[in-house]
file run.csv (CSV, C-alpha atoms)
chain,number,residue,atom,x,y,z
A,10,MET,CA,8.8,-6.7,15.7
A,11,ASN,CA,11.0,-9.8,16.1
A,12,ALA,CA,12.3,-11.3,19.4
A,13,ILE,CA,15.8,-9.7,19.0
A,14,ASP,CA,14.3,-6.2,18.4
A,15,ALA,CA,12.1,-6.6,21.5
A,16,GLY,CA,15.1,-7.7,23.6
A,17,LEU,CA,13.5,-11.0,24.6
A,18,THR,CA,16.8,-12.8,24.5
A,19,THR,CA,18.4,-10.4,27.0
A,20,ARG,CA,15.6,-9.4,29.4
A,21,THR,CA,16.3,-9.9,33.1
A,22,VAL,CA,14.9,-13.1,34.6
A,23,THR,CA,15.1,-14.5,38.1
A,24,ARG,CA,14.1,-17.6,40.1
A,25,GLU,CA,10.8,-15.7,40.7
A,26,THR,CA,10.1,-15.7,37.0
A,27,PHE,CA,9.8,-19.5,37.2
A,28,ASP,CA,6.9,-19.1,39.6
A,29,GLU,CA,5.2,-16.6,37.3
A,30,VAL,CA,5.4,-18.4,33.9
A,31,LEU,CA,6.3,-22.1,34.3
A,32,VAL,CA,3.8,-24.8,34.9
A,33,PRO,CA,4.6,-25.8,38.6
A,34,THR,CA,5.8,-29.3,38.0
A,35,TYR,CA,9.1,-28.7,39.7
A,36,ALA,CA,10.4,-26.8,42.7
A,37,PRO,CA,13.8,-25.7,41.6
A,38,ALA,CA,16.6,-24.4,43.8
A,39,ALA,CA,16.7,-20.7,44.7
A,40,MET,CA,19.8,-20.1,42.6
A,41,VAL,CA,19.8,-20.0,38.8
A,42,PRO,CA,22.9,-21.5,37.1
A,43,VAL,CA,24.2,-19.5,34.2
A,44,ARG,CA,27.6,-20.9,33.3
A,45,ALA,CA,29.4,-24.3,33.8
A,46,SER,CA,32.5,-26.1,32.8
A,47,GLY,CA,33.4,-29.7,33.7
A,48,LEU,CA,32.1,-30.1,37.3
A,49,ASP,CA,32.2,-26.4,38.0
A,50,LEU,CA,29.1,-24.2,37.9
A,51,TRP,CA,28.3,-20.6,38.6
A,52,ASP,CA,25.0,-19.0,39.4
A,53,GLN,CA,23.6,-15.5,38.6
A,54,SER,CA,25.4,-13.9,41.5
A,55,GLY,CA,28.7,-15.5,40.5
A,56,LYS,CA,28.8,-18.0,43.3
A,57,HIS,CA,30.7,-21.2,42.5
A,58,TYR,CA,29.4,-24.7,43.0
A,59,LEU,CA,30.9,-28.2,42.6
A,60,ASP,CA,28.3,-30.2,40.7
A,61,PHE,CA,27.9,-33.8,42.0
A,62,THR,CA,24.6,-34.2,40.2
A,63,SER,CA,25.6,-34.1,36.5
A,64,GLY,CA,22.0,-33.2,35.7
A,65,ILE,CA,20.8,-36.4,37.3
A,66,ALA,CA,23.5,-38.6,35.8
A,67,VAL,CA,23.4,-36.9,32.4
A,68,THR,CA,26.5,-34.7,31.9
A,69,SER,CA,28.9,-37.6,32.5
A,70,LEU,CA,31.7,-35.9,30.5
A,71,GLY,CA,31.1,-32.7,32.3
A,72,HIS,CA,29.4,-29.4,31.4
A,73,CYS,CA,30.4,-27.9,28.0
A,74,ASN,CA,32.9,-30.7,27.3
A,75,PRO,CA,35.2,-29.2,24.6
A,76,ALA,CA,35.3,-32.2,22.4
A,77,LEU,CA,31.5,-32.5,22.3
A,78,VAL,CA,31.2,-28.7,21.7
A,79,ASP,CA,33.5,-29.0,18.8
A,80,ALA,CA,31.8,-32.0,17.3
A,81,LEU,CA,28.3,-30.5,17.7
A,82,THR,CA,29.5,-27.1,16.2
A,83,GLN,CA,30.9,-28.9,13.2
A,84,GLN,CA,27.7,-30.8,12.6
A,85,MET,CA,25.6,-27.6,13.0
A,86,HIS,CA,27.3,-26.3,9.9
A,87,LYS,CA,26.3,-29.4,7.9
A,88,VAL,CA,22.7,-30.5,8.6
A,89,TRP,CA,20.4,-30.0,11.6
A,90,HIS,CA,17.4,-32.1,11.0
A,91,LEU,CA,15.8,-34.4,8.5
A,92,GLY,CA,12.3,-36.0,8.5
A,93,ASN,CA,12.1,-39.7,9.1
A,94,GLY,CA,11.7,-40.3,5.4
A,95,TYR,CA,15.5,-39.9,5.4
A,96,THR,CA,18.4,-41.3,7.4
A,97,ASN,CA,21.8,-39.6,8.1
A,98,GLU,CA,25.4,-40.6,8.4
A,99,GLN,CA,25.7,-39.8,12.1
A,100,VAL,CA,22.8,-41.9,13.3
A,101,LEU,CA,24.1,-44.8,11.2
A,102,ARG,CA,27.5,-44.5,12.8
A,103,LEU,CA,25.9,-44.3,16.2
A,104,ALA,CA,23.8,-47.4,15.6
A,105,LEU,CA,26.9,-49.3,14.5
A,106,ALA,CA,28.8,-48.2,17.6
A,107,LEU,CA,26.1,-49.3,20.0
A,108,THR,CA,25.3,-52.6,18.3
A,109,GLU,CA,29.0,-53.5,18.1
A,110,ALA,CA,29.5,-52.6,21.8
A,111,THR,CA,26.5,-54.5,23.1
A,112,PHE,CA,24.4,-57.7,22.7
A,113,ALA,CA,22.1,-55.8,20.3
A,114,ASP,CA,21.7,-56.1,16.6
A,115,ARG,CA,19.3,-53.2,16.1
A,116,ALA,CA,18.8,-49.7,17.5
A,117,PHE,CA,15.8,-47.3,17.7
A,118,PHE,CA,16.5,-43.7,18.6
A,119,CYS,CA,14.2,-41.2,20.3
A,120,ASN,CA,14.4,-38.2,22.6
A,121,SER,CA,14.3,-39.4,26.2
A,122,GLY,CA,14.3,-42.3,28.5
A,123,ALA,CA,10.6,-42.3,28.8
A,124,GLU,CA,10.3,-42.6,25.0
A,125,ALA,CA,12.9,-45.4,25.0
A,126,ASN,CA,10.9,-47.3,27.6
A,127,GLU,CA,7.6,-46.6,25.8
A,128,GLY,CA,9.1,-48.0,22.7
A,129,ALA,CA,10.4,-51.1,24.5
A,130,LEU,CA,7.1,-51.9,26.1
A,131,LYS,CA,5.2,-51.4,22.9
A,132,LEU,CA,7.6,-53.6,21.1
A,133,ALA,CA,7.3,-56.3,23.8
A,134,ARG,CA,3.5,-56.3,23.4
A,135,LYS,CA,3.7,-56.4,19.6
A,136,TYR,CA,6.2,-59.2,19.7
A,137,ALA,CA,4.0,-61.3,22.1
A,138,HIS,CA,0.8,-60.5,20.3
A,139,THR,CA,2.3,-61.6,17.0
A,140,LYS,CA,4.1,-64.7,18.3
A,141,PHE,CA,1.7,-66.0,21.0
A,142,GLY,CA,-1.6,-64.1,20.7
A,143,PRO,CA,-3.4,-61.3,22.4
A,144,HIS,CA,-3.7,-63.2,25.7
A,145,LYS,CA,0.1,-62.6,26.4
A,146,SER,CA,-0.1,-58.9,27.3
A,147,ARG,CA,0.7,-58.6,31.0
A,148,ILE,CA,3.8,-56.5,32.0
A,149,VAL,CA,5.6,-57.1,35.3
A,150,SER,CA,7.8,-54.4,36.9
A,151,CYS,CA,9.0,-53.6,40.4
A,152,LEU,CA,7.8,-51.6,43.2
A,153,SER,CA,9.7,-48.3,43.7
A,154,SER,CA,10.8,-48.4,40.1
A,155,PHE,CA,10.9,-45.5,37.7
A,156,HIS,CA,10.6,-45.8,34.0
A,157,GLY,CA,9.4,-42.3,32.8
A,158,ARG,CA,6.5,-39.9,32.9
A,159,THR,CA,4.3,-40.9,30.0
A,160,LEU,CA,1.0,-42.4,31.1
A,161,PHE,CA,2.2,-45.8,30.1
A,162,THR,CA,5.7,-45.7,31.6
A,163,VAL,CA,4.6,-43.9,34.8
A,164,SER,CA,2.0,-46.6,35.3
A,165,VAL,CA,4.6,-49.3,34.8
A,166,GLY,CA,6.8,-47.6,37.4
A,167,GLY,CA,5.9,-48.8,40.9
A,168,GLN,CA,5.4,-45.5,42.6
A,169,PRO,CA,1.7,-44.6,43.2
A,170,LYS,CA,2.6,-41.0,44.0
A,171,TYR,CA,3.3,-40.4,40.3
A,172,THR,CA,0.0,-41.9,39.1
A,173,GLU,CA,-2.5,-40.4,41.6
A,174,GLY,CA,-5.0,-38.3,39.8
A,175,PHE,CA,-4.2,-39.7,36.3
A,176,GLU,CA,-6.6,-42.7,36.5
A,177,PRO,CA,-7.8,-44.7,34.7
A,178,LEU,CA,-4.3,-46.2,34.1
A,179,PRO,CA,-3.2,-48.7,31.5
A,180,GLN,CA,-4.2,-52.2,32.4
A,181,GLN,CA,-2.4,-55.6,32.6
A,182,LEU,CA,0.4,-54.2,34.8
A,183,ASP,CA,1.7,-55.9,38.0
A,184,HIS,CA,4.3,-54.7,40.4
A,185,ILE,CA,6.5,-57.0,42.6
A,186,PRO,CA,9.1,-56.3,45.3
A,187,TYR,CA,12.6,-55.6,43.9
A,188,ASN,CA,15.2,-58.3,44.6
A,189,ASP,CA,12.5,-60.8,45.7
A,190,ILE,CA,12.9,-64.0,43.7
A,191,GLU,CA,9.9,-65.8,45.1
A,192,ALA,CA,7.7,-62.9,44.3
A,193,ALA,CA,9.0,-62.9,40.7
A,194,ARG,CA,8.3,-66.7,40.4
A,195,ALA,CA,4.7,-66.1,41.6
A,196,ALA,CA,4.1,-63.2,39.2
A,197,ILE,CA,5.7,-64.3,36.0
A,198,GLY,CA,3.4,-66.6,34.2
A,199,ASP,CA,2.6,-67.6,30.6
A,200,ASP,CA,0.4,-64.5,30.1
A,201,VAL,CA,3.4,-62.1,30.7
A,202,CYS,CA,4.8,-60.4,27.6
A,203,ALA,CA,7.6,-58.5,29.4
A,204,VAL,CA,9.5,-58.0,32.6
A,205,ILE,CA,11.1,-54.6,32.9
A,206,VAL,CA,13.7,-53.9,35.6
A,207,GLU,CA,16.4,-51.4,36.5
A,208,PRO,CA,19.7,-53.2,37.2
A,209,ILE,CA,20.1,-50.5,39.8
A,210,GLN,CA,17.0,-48.7,41.1
A,211,GLY,CA,17.9,-45.0,40.9
A,212,GLU,CA,14.8,-42.9,41.9
A,213,GLY,CA,13.8,-45.8,44.2
A,214,GLY,CA,16.8,-45.3,46.5
A,215,VAL,CA,19.9,-46.3,44.6
A,216,ILE,CA,19.4,-50.0,45.3
A,217,PRO,CA,21.6,-52.4,43.3
A,218,GLY,CA,19.9,-55.5,41.8
A,219,ASN,CA,21.1,-58.8,43.3
A,220,PRO,CA,22.8,-60.8,40.5
A,221,ASP,CA,20.9,-63.9,41.5
A,222,TYR,CA,17.6,-62.0,41.3
A,223,LEU,CA,18.4,-60.7,37.8
A,224,LYS,CA,19.5,-64.2,36.7
A,225,ALA,CA,16.2,-65.6,38.0
A,226,LEU,CA,14.3,-63.0,36.0
A,227,ARG,CA,16.3,-64.1,32.9
A,228,GLU,CA,15.4,-67.8,33.6
A,229,LEU,CA,11.7,-67.0,34.2
A,230,CYS,CA,11.5,-65.0,31.0
A,231,ASP,CA,13.1,-67.8,29.0
A,232,LYS,CA,10.7,-70.3,30.5
A,233,THR,CA,7.5,-68.3,29.8
A,234,GLY,CA,8.5,-66.6,26.5
A,235,ALA,CA,8.5,-63.1,28.1
A,236,LEU,CA,11.0,-60.5,27.1
A,237,LEU,CA,13.4,-59.2,29.7
A,238,ILE,CA,13.8,-55.4,29.4
A,239,PHE,CA,16.7,-53.6,31.3
A,240,ASP,CA,16.0,-50.0,31.9
A,241,GLU,CA,19.5,-48.5,31.9
A,242,VAL,CA,18.5,-44.9,31.4
A,243,GLN,CA,20.3,-44.0,34.6
A,244,SER,CA,22.8,-46.8,35.0
A,245,GLY,CA,24.1,-46.9,31.5
A,246,VAL,CA,26.9,-45.3,29.5
A,247,GLY,CA,29.7,-45.9,31.9
A,248,ARG,CA,27.9,-44.9,35.1
A,249,THR,CA,28.7,-48.2,36.9
A,250,GLY,CA,32.2,-48.6,35.4
A,251,GLU,CA,30.9,-50.8,32.6
A,252,LEU,CA,29.5,-49.3,29.4
A,253,TYR,CA,26.1,-50.8,30.5
A,254,ALA,CA,25.5,-52.3,33.9
A,255,TYR,CA,24.3,-55.6,32.5
A,256,MET,CA,27.8,-56.3,31.4
A,257,GLY,CA,29.0,-56.7,34.9
A,258,MET,CA,26.1,-58.8,36.1
A,259,GLY,CA,26.2,-61.9,33.9
A,260,VAL,CA,22.7,-61.3,32.6
A,261,THR,CA,21.8,-60.2,29.1
A,262,PRO,CA,18.4,-58.6,28.4
A,263,ASP,CA,16.3,-58.9,25.3
A,264,ILE,CA,15.8,-55.2,25.1
A,265,LEU,CA,17.8,-52.4,26.7
A,266,THR,CA,16.9,-48.7,27.0
A,267,SER,CA,19.4,-45.9,27.3
A,268,ALA,CA,19.2,-42.1,27.5
A,269,LYS,CA,20.5,-39.5,30.0
A,270,ALA,CA,24.3,-39.7,29.7
A,271,LEU,CA,24.0,-40.9,26.1
A,272,GLY,CA,23.7,-37.3,24.9
A,273,ASN,CA,25.6,-35.6,27.8
A,274,GLY,CA,22.7,-33.1,28.0
A,275,TYR,CA,21.6,-33.1,24.4
A,276,PRO,CA,18.3,-35.0,24.3
A,277,ILE,CA,18.5,-38.5,22.9
A,278,GLY,CA,17.2,-41.9,23.9
A,279,ALA,CA,17.8,-45.4,22.5
A,280,MET,CA,16.2,-48.7,22.5
A,281,LEU,CA,18.5,-51.7,21.7
A,282,THR,CA,17.4,-55.2,20.9
A,283,THR,CA,18.0,-58.3,18.8
A,284,ASP,CA,17.2,-58.7,15.1
A,285,ALA,CA,14.6,-61.3,15.8
A,286,ILE,CA,12.7,-59.0,18.1
A,287,ALA,CA,13.2,-55.8,16.1
A,288,GLN,CA,11.5,-57.3,13.1
A,289,HIS,CA,8.1,-57.1,14.9
A,290,PHE,CA,8.2,-53.3,14.5
A,291,GLY,CA,7.4,-52.8,10.8
A,292,VAL,CA,7.4,-49.6,8.8
A,293,GLY,CA,4.9,-47.2,10.4
A,294,SER,CA,4.4,-49.2,13.6
A,295,HIS,CA,6.3,-46.8,15.7
A,296,GLY,CA,8.3,-43.6,15.3
A,297,THR,CA,9.3,-40.1,16.4
A,298,THR,CA,10.0,-36.9,14.6
A,299,TYR,CA,13.3,-36.0,16.3
A,300,GLY,CA,14.6,-39.5,16.9
A,301,GLY,CA,18.0,-40.0,15.3
A,302,ASN,CA,18.4,-36.3,14.7
A,303,PRO,CA,21.9,-35.6,13.2
A,304,LEU,CA,22.8,-33.2,16.0
A,305,ALA,CA,21.9,-35.6,18.8
A,306,ALA,CA,23.5,-38.5,17.1
A,307,THR,CA,26.7,-36.6,16.7
A,308,VAL,CA,26.9,-35.9,20.4
A,309,ALA,CA,26.0,-39.4,21.4
A,310,LEU,CA,28.5,-40.9,19.0
A,311,ASN,CA,31.3,-38.9,20.5
A,312,VAL,CA,30.1,-39.7,24.0
A,313,ILE,CA,30.3,-43.5,23.3
A,314,GLU,CA,33.6,-43.2,21.6
A,315,THR,CA,35.1,-41.4,24.7
A,316,ILE,CA,33.5,-43.5,27.4
A,317,ASN,CA,33.8,-47.0,25.9
A,318,GLN,CA,37.5,-47.2,26.5
A,319,PRO,CA,39.2,-49.5,29.1
A,320,HIS,CA,41.2,-46.8,30.7
A,321,PHE,CA,38.2,-44.5,31.0
A,322,LEU,CA,36.0,-47.1,32.6
A,323,ALA,CA,38.8,-48.2,34.9
A,324,ARG,CA,39.1,-44.6,36.1
A,325,VAL,CA,35.3,-44.6,36.9
A,326,LYS,CA,35.8,-47.6,39.1
A,327,GLU,CA,38.8,-45.9,40.8
A,328,ALA,CA,36.9,-42.7,41.5
A,329,SER,CA,34.0,-44.8,42.8
A,330,ALA,CA,36.3,-46.6,45.3
A,331,LYS,CA,37.5,-43.3,46.6
A,332,ILE,CA,34.0,-41.8,47.1
A,333,PHE,CA,32.8,-45.0,48.7
A,334,ALA,CA,35.7,-44.9,51.1
A,335,ASN,CA,34.9,-41.3,52.1
A,336,LEU,CA,31.2,-42.0,52.6
A,337,ASP,CA,31.9,-45.2,54.5
A,338,LYS,CA,34.0,-43.2,56.9
A,339,LEU,CA,31.4,-40.4,57.1
A,340,SER,CA,28.8,-43.0,57.9
A,341,ALA,CA,31.0,-44.6,60.5
A,342,ASP,CA,31.8,-41.2,62.1
A,343,PHE,CA,28.1,-40.2,62.2
A,344,PRO,CA,26.1,-43.4,62.6
A,345,GLN,CA,23.2,-41.5,64.1
A,346,VAL,CA,22.8,-39.7,60.7
A,347,PHE,CA,23.8,-42.1,58.0
A,348,GLY,CA,23.4,-45.8,57.2
A,349,LYS,CA,25.4,-48.1,54.9
A,350,VAL,CA,26.5,-46.7,51.6
A,351,ARG,CA,25.2,-48.5,48.5
A,352,GLY,CA,25.3,-48.2,44.7
A,353,SER,CA,27.7,-49.0,41.9
A,354,GLY,CA,30.3,-47.0,40.1
A,355,LEU,CA,29.4,-43.3,40.3
A,356,LEU,CA,25.7,-43.9,41.1
A,357,ILE,CA,25.8,-43.8,44.9
A,358,GLY,CA,23.2,-43.7,47.6
A,359,LEU,CA,23.8,-42.6,51.2
A,360,PRO,CA,20.7,-43.6,53.3
A,361,LEU,CA,19.7,-41.7,56.3
A,362,ALA,CA,19.6,-43.4,59.7
A,363,ASP,CA,16.2,-43.8,61.5
A,364,GLY,CA,16.6,-40.6,63.5
A,365,PHE,CA,17.2,-38.5,60.3
A,366,LYS,CA,14.6,-40.2,58.0
A,367,GLY,CA,12.9,-37.7,55.7
A,368,ARG,CA,15.7,-35.1,55.9
A,369,ALA,CA,17.7,-35.9,52.7
A,370,LYS,CA,16.6,-32.6,51.2
A,371,ASP,CA,17.7,-30.7,54.3
A,372,PHE,CA,21.2,-32.1,53.9
A,373,THR,CA,21.4,-31.4,50.2
A,374,LYS,CA,20.3,-27.8,50.8
A,375,ALA,CA,22.9,-27.4,53.5
A,376,CYS,CA,25.6,-28.7,51.1
A,377,GLU,CA,24.3,-26.4,48.3
A,378,ALA,CA,24.6,-23.4,50.6
A,379,LEU,CA,28.3,-24.3,51.0
A,380,GLY,CA,28.8,-24.8,47.2
A,381,LEU,CA,28.1,-28.5,46.6
A,382,MET,CA,25.3,-29.8,44.5
A,383,LEU,CA,23.8,-33.2,45.4
A,384,LEU,CA,20.7,-35.2,44.6
A,385,ILE,CA,18.1,-37.1,46.6
A,386,ALA,CA,16.6,-40.5,45.8
A,387,GLY,CA,13.4,-40.1,47.8
A,388,PRO,CA,13.2,-38.3,51.2
A,389,ASP,CA,15.5,-40.8,53.0
A,390,VAL,CA,18.5,-41.2,50.6
A,391,VAL,CA,21.2,-38.7,49.5
A,392,ARG,CA,22.3,-39.5,45.9
A,393,LEU,CA,25.7,-38.7,44.4
A,394,ALA,CA,26.1,-38.9,40.6
A,395,PRO,CA,29.1,-36.8,39.7
A,396,ALA,CA,30.4,-36.6,36.1
A,397,LEU,CA,32.6,-39.6,35.3
A,398,ILE,CA,35.6,-37.3,34.8
A,399,VAL,CA,35.5,-36.3,38.5
A,400,SER,CA,39.1,-35.7,39.9
A,401,ASP,CA,40.6,-36.8,43.2
A,402,ASP,CA,40.8,-33.2,44.3
A,403,GLN,CA,37.1,-32.7,43.6
A,404,ILE,CA,36.2,-35.9,45.5
A,405,ALA,CA,38.2,-34.6,48.5
A,406,HIS,CA,36.6,-31.2,48.2
A,407,ALA,CA,33.1,-32.7,48.2
A,408,ASP,CA,33.9,-34.8,51.3
A,409,ARG,CA,35.0,-31.6,53.2
A,410,ILE,CA,31.8,-29.8,52.2
A,411,MET,CA,29.6,-32.7,53.2
A,412,ARG,CA,31.3,-32.8,56.6
A,413,ASP,CA,31.0,-29.0,57.1
A,414,ALA,CA,27.3,-29.1,56.1
A,415,LEU,CA,26.6,-31.9,58.5
A,416,ALA,CA,28.4,-30.0,61.3
A,417,GLN,CA,26.1,-27.1,60.7
A,418,MET,CA,23.0,-29.3,60.8
A,419,LEU,CA,24.0,-30.9,64.0
A,420,ASN,CA,25.2,-27.7,65.7
A,421,PRO,CA,23.2,-24.9,64.2
A,422,ALA,CA,24.3,-21.4,64.9
A,423,PRO,CA,22.2,-19.6,67.6
A,424,ALA,CA,19.6,-17.2,66.2
A,425,LYS,CA,20.5,-13.6,66.5
call {"tool": "encode", "arguments": {"input": "run.csv", "output": "structure tokens"}}
result
Amino acid sequence: MNAIDAGLTTRTVTRETFDEVLVPTYAPAAMVPVRASGLDLWDQSGKHYLDFTSGIAVTSLGHCNPALVDALTQQMHKVWHLGNGYTNEQVLRLALALTEATFADRAFFCNSGAEANEGALKLARKYAHTKFGPHKSRIVSCLSSFHGRTLFTVSVGGQPKYTEGFEPLPQQLDHIPYNDIEAARAAIGDDVCAVIVEPIQGEGGVIPGNPDYLKALRELCDKTGALLIFDEVQSGVGRTGELYAYMGMGVTPDILTSAKALGNGYPIGAMLTTDAIAQHFGVGSHGTTYGGNPLAATVALNVIETINQPHFLARVKEASAKIFANLDKLSADFPQVFGKVRGSGLLIGLPLADGFKGRAKDFTKACEALGLMLLIAGPDVVRLAPALIVSDDQIAHADRIMRDALAQMLNPAPAK
């Protein structure tokens, strides 16, 4: 009996099903989304939500974007998958689009941000080993960073809560405070093969990198022969109002990693680098079965074509200014709850004041109950990452819900 005969595709499932059959690595919301369009989303009961999460900065062109649906559907009638003994037209077009739009000469495609960072770190070590010798193997990253969930990338990320219980961890990894130039100078020596940094720390609290700090990292890498890796998995593909954040910071990395919004929800990751560095990965030295899949490449190509337009990126900055203005006023009106807003473009962090530390999730749950989906960046920061196509009306609606949710938190209804 096949799955269709057995009714497996139509059986009733609920949030409780998650607790019964999924490995408990997440604690998802009580509601189960079933339909979405743009920034609008509906759950199993038909309740409507305004989505200001975009799947953690992924669906930047909105849910079920019609142009992407059309492009993917057309490709599905051509070819789905080829082994890596073959290439395909769509991945070649995507590689050309990305290299023409960035500093890079070469692209490597994979399935996720973690894989992109894994590839970048492996390439940096291979490059250093070949050019300088095995002694040059140390990797420097930042405290509170996040670079993925593989054992290598989660160890490079500077958050011990994600590595506890998985020891022994990969070696030759050091972590320094973010935005601390003196700490960088003390840590980056001749034995360092790579420095990996997020231009804006996302999971670490939505903290923008200081341009002087990033420039200092560039200078230190040039001095020591280390490669500078920018993890733009969250900050890239238009999120800051630039195609990639480095473009607005006056610092060019040696390797850049991209994922999340690159596929607007279709899994794809990319590692971009120069020709001279790329040559240190020879045939068979690295790979992935699905990387450069024609379906994923089709979606990503259309994403880049849509977002990498002056008028589109200008609108991102305009929408950002409106949200920042609303949040600045919210913080000013309720200084006992919120601190100073920070971030860039449409990656925005709203820190909690001392009296409300640890309650970011309480606030997002209150907003969700009123129909607004938000993120957290740790227990002390509310994170907003709406689709880049967010409208002025949606921005105003989100502001109203946030204020209503805050009013309910500050003045809870008496128990009946």
call {"tool": "closest_residue", "arguments": {"input": "run.csv", "among": "A:Met418, A:Lys349, A:Pro177, A:Asp401", "to": "Arg368 of chain A", "atoms": "all atoms listed in the file"}}
result
A:Met418
call {"tool": "residues_around", "arguments": {"input": "run.csv", "residues": "segment 125-128 of chain A", "least_positions_apart": "3", "cutoff": "9 Å", "atoms": "only C-alpha atoms", "output": "JSON, numbers by chain"}}
result
{"A": [117, 118, 119, 120, 121, 122, 131, 132, 133, 156, 157, 159, 161, 162, 238, 240, 242, 265, 266, 267, 268, 278, 279, 280, 295, 296]}
call {"tool": "residues_near_point", "arguments": {"input": "run.csv", "point": "(17.5, -46.5, 62.0)", "cutoff": "10 Å", "atoms": "only C-alpha atoms", "output": "number ranges by chain"}}
result
A: 344-348, 360-366
call {"tool": "residues_around", "arguments": {"input": "run.csv", "residues": "segment 60-71 of chain A", "least_positions_apart": "2", "cutoff": "10 Å", "atoms": "all atoms listed in the file", "output": "PDB file with C-alpha atoms, in the frame of the given file"}}
result
ATOM      1  CA  ALA A  45      29.400 -24.300  33.800  1.00  0.00           C
ATOM      2  CA  SER A  46      32.500 -26.100  32.800  1.00  0.00           C
ATOM      3  CA  GLY A  47      33.400 -29.700  33.700  1.00  0.00           C
ATOM      4  CA  LEU A  48      32.100 -30.100  37.300  1.00  0.00           C
ATOM      5  CA  ASP A  49      32.200 -26.400  38.000  1.00  0.00           C
ATOM      6  CA  LEU A  50      29.100 -24.200  37.900  1.00  0.00           C
ATOM      7  CA  TRP A  51      28.300 -20.600  38.600  1.00  0.00           C
ATOM      8  CA  HIS A  57      30.700 -21.200  42.500  1.00  0.00           C
ATOM      9  CA  TYR A  58      29.400 -24.700  43.000  1.00  0.00           C
ATOM     10  CA  CYS A  73      30.400 -27.900  28.000  1.00  0.00           C
ATOM     11  CA  ASN A  74      32.900 -30.700  27.300  1.00  0.00           C
ATOM     12  CA  PRO A  75      35.200 -29.200  24.600  1.00  0.00           C
ATOM     13  CA  ALA A  76      35.300 -32.200  22.400  1.00  0.00           C
ATOM     14  CA  LEU A  77      31.500 -32.500  22.300  1.00  0.00           C
ATOM     15  CA  GLY A 211      17.900 -45.000  40.900  1.00  0.00           C
ATOM     16  CA  GLU A 212      14.800 -42.900  41.900  1.00  0.00           C
ATOM     17  CA  VAL A 242      18.500 -44.900  31.400  1.00  0.00           C
ATOM     18  CA  GLN A 243      20.300 -44.000  34.600  1.00  0.00           C
ATOM     19  CA  SER A 244      22.800 -46.800  35.000  1.00  0.00           C
ATOM     20  CA  GLY A 245      24.100 -46.900  31.500  1.00  0.00           C
ATOM     21  CA  VAL A 246      26.900 -45.300  29.500  1.00  0.00           C
ATOM     22  CA  GLY A 247      29.700 -45.900  31.900  1.00  0.00           C
ATOM     23  CA  ARG A 248      27.900 -44.900  35.100  1.00  0.00           C
ATOM     24  CA  ALA A 268      19.200 -42.100  27.500  1.00  0.00           C
ATOM     25  CA  LYS A 269      20.500 -39.500  30.000  1.00  0.00           C
ATOM     26  CA  ALA A 270      24.300 -39.700  29.700  1.00  0.00           C
ATOM     27  CA  LEU A 271      24.000 -40.900  26.100  1.00  0.00           C
ATOM     28  CA  GLY A 272      23.700 -37.300  24.900  1.00  0.00           C
ATOM     29  CA  ASN A 273      25.600 -35.600  27.800  1.00  0.00           C
ATOM     30  CA  GLY A 274      22.700 -33.100  28.000  1.00  0.00           C
ATOM     31  CA  TYR A 275      21.600 -33.100  24.400  1.00  0.00           C
ATOM     32  CA  PRO A 276      18.300 -35.000  24.300  1.00  0.00           C
ATOM     33  CA  VAL A 312      30.100 -39.700  24.000  1.00  0.00           C
ATOM     34  CA  THR A 315      35.100 -41.400  24.700  1.00  0.00           C
ATOM     35  CA  ILE A 316      33.500 -43.500  27.400  1.00  0.00           C
ATOM     36  CA  LEU A 355      29.400 -43.300  40.300  1.00  0.00           C
ATOM     37  CA  LEU A 356      25.700 -43.900  41.100  1.00  0.00           C
ATOM     38  CA  GLU A 377      24.300 -26.400  48.300  1.00  0.00           C
ATOM     39  CA  GLY A 380      28.800 -24.800  47.200  1.00  0.00           C
ATOM     40  CA  LEU A 381      28.100 -28.500  46.600  1.00  0.00           C
ATOM     41  CA  MET A 382      25.300 -29.800  44.500  1.00  0.00           C
ATOM     42  CA  LEU A 383      23.800 -33.200  45.400  1.00  0.00           C
ATOM     43  CA  LEU A 384      20.700 -35.200  44.600  1.00  0.00           C
ATOM     44  CA  ILE A 385      18.100 -37.100  46.600  1.00  0.00           C
ATOM     45  CA  ARG A 392      22.300 -39.500  45.900  1.00  0.00           C
ATOM     46  CA  LEU A 393      25.700 -38.700  44.400  1.00  0.00           C
ATOM     47  CA  ALA A 394      26.100 -38.900  40.600  1.00  0.00           C
ATOM     48  CA  PRO A 395      29.100 -36.800  39.700  1.00  0.00           C
ATOM     49  CA  ALA A 396      30.400 -36.600  36.100  1.00  0.00           C
ATOM     50  CA  LEU A 397      32.600 -39.600  35.300  1.00  0.00           C
ATOM     51  CA  ILE A 398      35.600 -37.300  34.800  1.00  0.00           C
ATOM     52  CA  VAL A 399      35.500 -36.300  38.500  1.00  0.00           C
ATOM     53  CA  GLN A 403      37.100 -32.700  43.600  1.00  0.00           C
ATOM     54  CA  ILE A 404      36.200 -35.900  45.500  1.00  0.00           C
ATOM     55  CA  ALA A 407      33.100 -32.700  48.200  1.00  0.00           C
TER      56      ALA A 407
END
call {"tool": "atom_distance", "arguments": {"input": "run.csv", "atom1": "atom CA of Asp189 of chain A", "atom2": "atom CA of Ile216 of chain A"}}
result
12.8 Å
call {"tool": "atom_distance", "arguments": {"input": "run.csv", "atom1": "atom CA of Val308 of chain A", "atom2": "atom CA of Leu81 of chain A"}}
result
6.2 Å
call {"tool": "residues_around", "arguments": {"input": "run.csv", "residues": "Ala375 of chain A", "least_positions_apart": "4", "cutoff": "7 Å", "atoms": "only C-alpha atoms", "output": "list in words"}}
result
Asp371, Leu379 and Ala414 of chain A
